[in-house]
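File shown here: model24.txt, holding compact mmCIF, C-alpha atoms.
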# COMPACT_ATOMS: atom_id res chain seq x y z
CA MET G 27 238.16 238.81 -30.86
CA ASN G 28 239.72 237.25 -33.93
CA ALA G 29 240.50 239.47 -36.87
CA ALA G 30 238.02 239.01 -39.68
CA PRO G 31 239.49 237.36 -42.76
CA GLN G 32 239.56 239.03 -46.12
CA ALA G 33 237.86 237.28 -49.04
CA GLU G 34 240.32 235.29 -51.08
CA THR G 35 238.83 235.44 -54.55
CA SER G 36 242.03 234.25 -56.26
CA ASP G 37 241.28 230.65 -55.21
CA ALA G 38 237.56 230.91 -55.86
CA ASN G 39 236.63 230.86 -59.51
CA LYS G 40 232.91 230.56 -58.68
CA GLY G 41 232.92 233.24 -55.99
CA VAL G 42 233.30 233.46 -52.24
CA ILE G 43 230.71 232.31 -49.70
CA LEU G 44 230.71 234.06 -46.33
CA ILE G 45 229.53 231.95 -43.41
CA ILE G 46 228.31 234.04 -40.48
CA ASP G 47 227.97 231.53 -37.68
CA GLU G 48 229.58 230.73 -34.33
CA ASP G 49 229.66 227.00 -35.11
CA PRO G 50 233.05 225.99 -36.51
CA HIS G 51 231.59 222.66 -37.65
CA LEU G 52 229.26 224.38 -40.11
CA TYR G 53 232.19 226.30 -41.55
CA GLU G 54 234.28 223.13 -41.84
CA LEU G 55 231.45 221.22 -43.56
CA VAL G 56 230.68 223.97 -46.06
CA HIS G 57 234.36 224.71 -46.68
CA TYR G 58 235.12 221.04 -47.31
CA HIS G 59 232.40 220.59 -49.92
CA PHE G 60 232.31 224.01 -51.58
CA SER G 61 236.05 224.52 -51.93
CA ARG G 62 236.11 221.33 -54.00
CA LEU G 63 233.46 222.84 -56.25
CA GLY G 64 235.54 225.96 -56.90
CA TYR G 65 234.10 228.31 -54.27
CA GLY G 66 236.07 230.24 -51.71
CA VAL G 67 234.61 229.98 -48.21
CA GLU G 68 235.32 232.49 -45.42
CA PRO G 69 234.19 232.45 -41.77
CA CYS G 70 232.68 235.28 -39.75
CA ARG G 71 231.90 234.32 -36.17
CA SER G 72 230.41 237.46 -34.63
CA LEU G 73 228.77 240.79 -35.26
CA ASP G 74 232.10 242.44 -34.38
CA ASP G 75 233.83 240.44 -37.14
CA TRP G 76 231.06 241.46 -39.55
CA TYR G 77 231.80 245.16 -39.09
CA ALA G 78 235.38 244.57 -40.32
CA LEU G 79 234.20 243.07 -43.63
CA ASP G 80 233.13 244.49 -46.96
CA PRO G 81 230.01 242.50 -47.90
CA GLN G 82 230.58 243.22 -51.58
CA ASP G 83 233.60 240.86 -51.46
CA TYR G 84 231.19 237.93 -51.23
CA SER G 85 228.99 236.17 -53.75
CA LEU G 86 226.62 234.69 -51.18
CA ILE G 87 226.12 234.84 -47.42
CA LEU G 88 225.10 231.86 -45.31
CA ILE G 89 223.99 233.16 -41.90
CA ASP G 90 222.62 231.94 -38.59
CA ILE G 91 219.89 233.91 -36.84
CA ALA G 92 221.78 233.82 -33.53
CA ILE G 93 225.39 235.01 -33.67
CA GLU G 94 227.83 236.27 -31.07
CA ASN G 95 227.08 239.86 -30.02
CA GLY G 96 224.08 240.20 -32.29
CA SER G 97 221.48 238.88 -34.66
CA GLY G 98 221.69 237.54 -38.17
CA LEU G 99 218.46 239.38 -38.93
CA HIS G 100 220.21 242.64 -38.00
CA ILE G 101 222.97 241.88 -40.50
CA ILE G 102 220.39 241.14 -43.19
CA ASP G 103 218.77 244.49 -42.43
CA MET G 104 222.16 246.23 -42.80
CA LEU G 105 222.74 244.46 -46.13
CA ASN G 106 219.40 245.68 -47.41
CA GLN G 107 220.24 249.32 -46.62
CA SER G 108 222.76 249.48 -49.47
CA PRO G 109 221.67 248.86 -53.08
CA ALA G 110 224.95 247.07 -53.84
CA SER G 111 224.91 244.71 -50.85
CA ALA G 112 221.15 244.16 -51.10
CA LYS G 113 221.85 242.13 -54.25
CA ILE G 114 223.97 239.57 -52.40
CA PRO G 115 221.99 236.34 -51.94
CA VAL G 116 221.45 235.37 -48.30
CA ILE G 117 220.52 231.96 -46.94
CA ILE G 118 219.58 231.63 -43.29
CA CYS G 119 220.88 228.35 -41.88
CA THR G 120 219.82 227.76 -38.30
CA GLN G 121 218.80 225.13 -35.78
CA SER G 122 215.34 226.63 -35.49
CA GLY G 123 212.98 225.78 -38.28
CA SER G 124 209.78 227.04 -36.73
CA PRO G 125 207.29 228.63 -39.13
CA ALA G 126 207.63 231.93 -37.23
CA ASP G 127 211.43 231.95 -37.67
CA ILE G 128 211.15 231.04 -41.34
CA VAL G 129 208.62 233.81 -41.99
CA SER G 130 210.59 236.42 -40.04
CA GLY G 131 213.83 235.47 -41.82
CA LEU G 132 212.30 235.64 -45.28
CA ASN G 133 210.45 238.85 -44.45
CA ALA G 134 213.73 240.35 -43.21
CA GLY G 135 215.18 239.86 -46.68
CA ALA G 136 216.77 236.41 -46.75
CA ASP G 137 216.48 234.64 -50.10
CA ASP G 138 216.18 231.18 -48.58
CA PHE G 139 215.94 229.42 -45.22
CA VAL G 140 217.49 226.04 -44.38
CA SER G 141 217.01 224.28 -41.06
CA ARG G 142 219.80 222.24 -39.51
CA PRO G 143 220.65 219.51 -39.90
CA PHE G 144 220.56 219.68 -43.68
CA ALA G 145 221.63 217.46 -46.55
CA ILE G 146 224.78 218.88 -48.15
CA LYS G 147 223.53 218.02 -51.66
CA GLU G 148 220.44 220.12 -51.00
CA MET G 149 222.57 223.03 -49.74
CA ILE G 150 224.78 222.80 -52.83
CA ALA G 151 221.69 222.89 -55.06
CA ARG G 152 220.20 225.87 -53.21
CA ILE G 153 223.44 227.88 -53.36
CA ASN G 154 223.98 227.06 -57.03
CA ALA G 155 220.38 228.08 -57.83
CA LEU G 156 220.71 231.44 -56.04
CA LEU G 157 224.03 232.22 -57.69
CA ARG G 158 222.69 231.17 -61.08
CA ARG G 159 219.73 233.56 -60.69
CA ARG G 160 222.05 236.34 -59.54
CA SER G 161 224.21 236.03 -62.65
CA ARG G 162 221.28 236.45 -65.06
Write the structure described by the file as structure tokens, please.
Amino acid sequence: MNAAPQAETSDANKGVILIIDEDPHLYELVHYHFSRLGYGVEPCRSLDDWYALDPQDYSLILIDIAIENGSGLHIIDMLNQSPASAKIPVIICTQSGSPADIVSGLNAGADDFVSRPFAIKEMIARINALLRRRSR
């Protein structure tokens, strides 16, 4: 198991996005685009890594439903158990875009649901919109 990284807010004037996903390509794609926009981007590849993190270090969480050793929906449930972490915007980003998965993800507490593959400009707009609403 890799040690979970700590959020590096010093390089992220817009905040830090946590990506909870086993797929390193998703992390690389989001990191490439969002770091250029002033966001910090940190990976989390498993439920075990998640337990080593403080969710309040992050401005937004991008999460897959299926992660190593667990479920993204379980993490969303844990976030919602704390008033402080329940305020963190969550976007589910997964290969499955079935209506049942979308409904279960949104009912679990996710703020948005994006099926893969996605257009990066759309993801940028969705993340900016959620963070803009959060800052009001």
Original post:
Can you tell me, as a ChimeraX atom specification, what residues are no more than 9 Å from segment 136-149 of chain G when counting all atoms listed in the file, ignoring any on the same chain fewer than 2 positions away?
Top reply: /G:55-56,59,99,102,115-124,128,131-134,151-154,156
8 Å per side around segment 89-94 of chain G: axis-aligned box centre and edge lengths, as lines of an AutoDock Vina configuration file:
center_x = 223.9
center_y = 234.1
center_z = -36.5
size_x = 23.9
size_y = 20.3
size_z = 26.8
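When atom CA of Gln107 of chain G is paired with atom CA of Ser130 of chain G, their separation reads 17.4 Å.
Note that atom CA of Ile89 of chain G and atom CA of Asn39 of chain G are 21.8 Å apart.
The gap separating atom CA of Ile91 of chain G from atom CA of Glu54 of chain G is 18.7 Å, in Å to one decimal.
Taking all atoms listed in the file into account, Leu44 of chain G lies nearest to G:Arg71 out of the set G:Ser161, G:Lys113, G:Arg71, G:Ile150.
Minimum atom-to-atom distances from G:Gly135, G:Gly98, G:Leu86, G:Arg159 to Ile114 of chain G were compared using all atoms listed in the file, and the lowest value belongs to G:Leu86.
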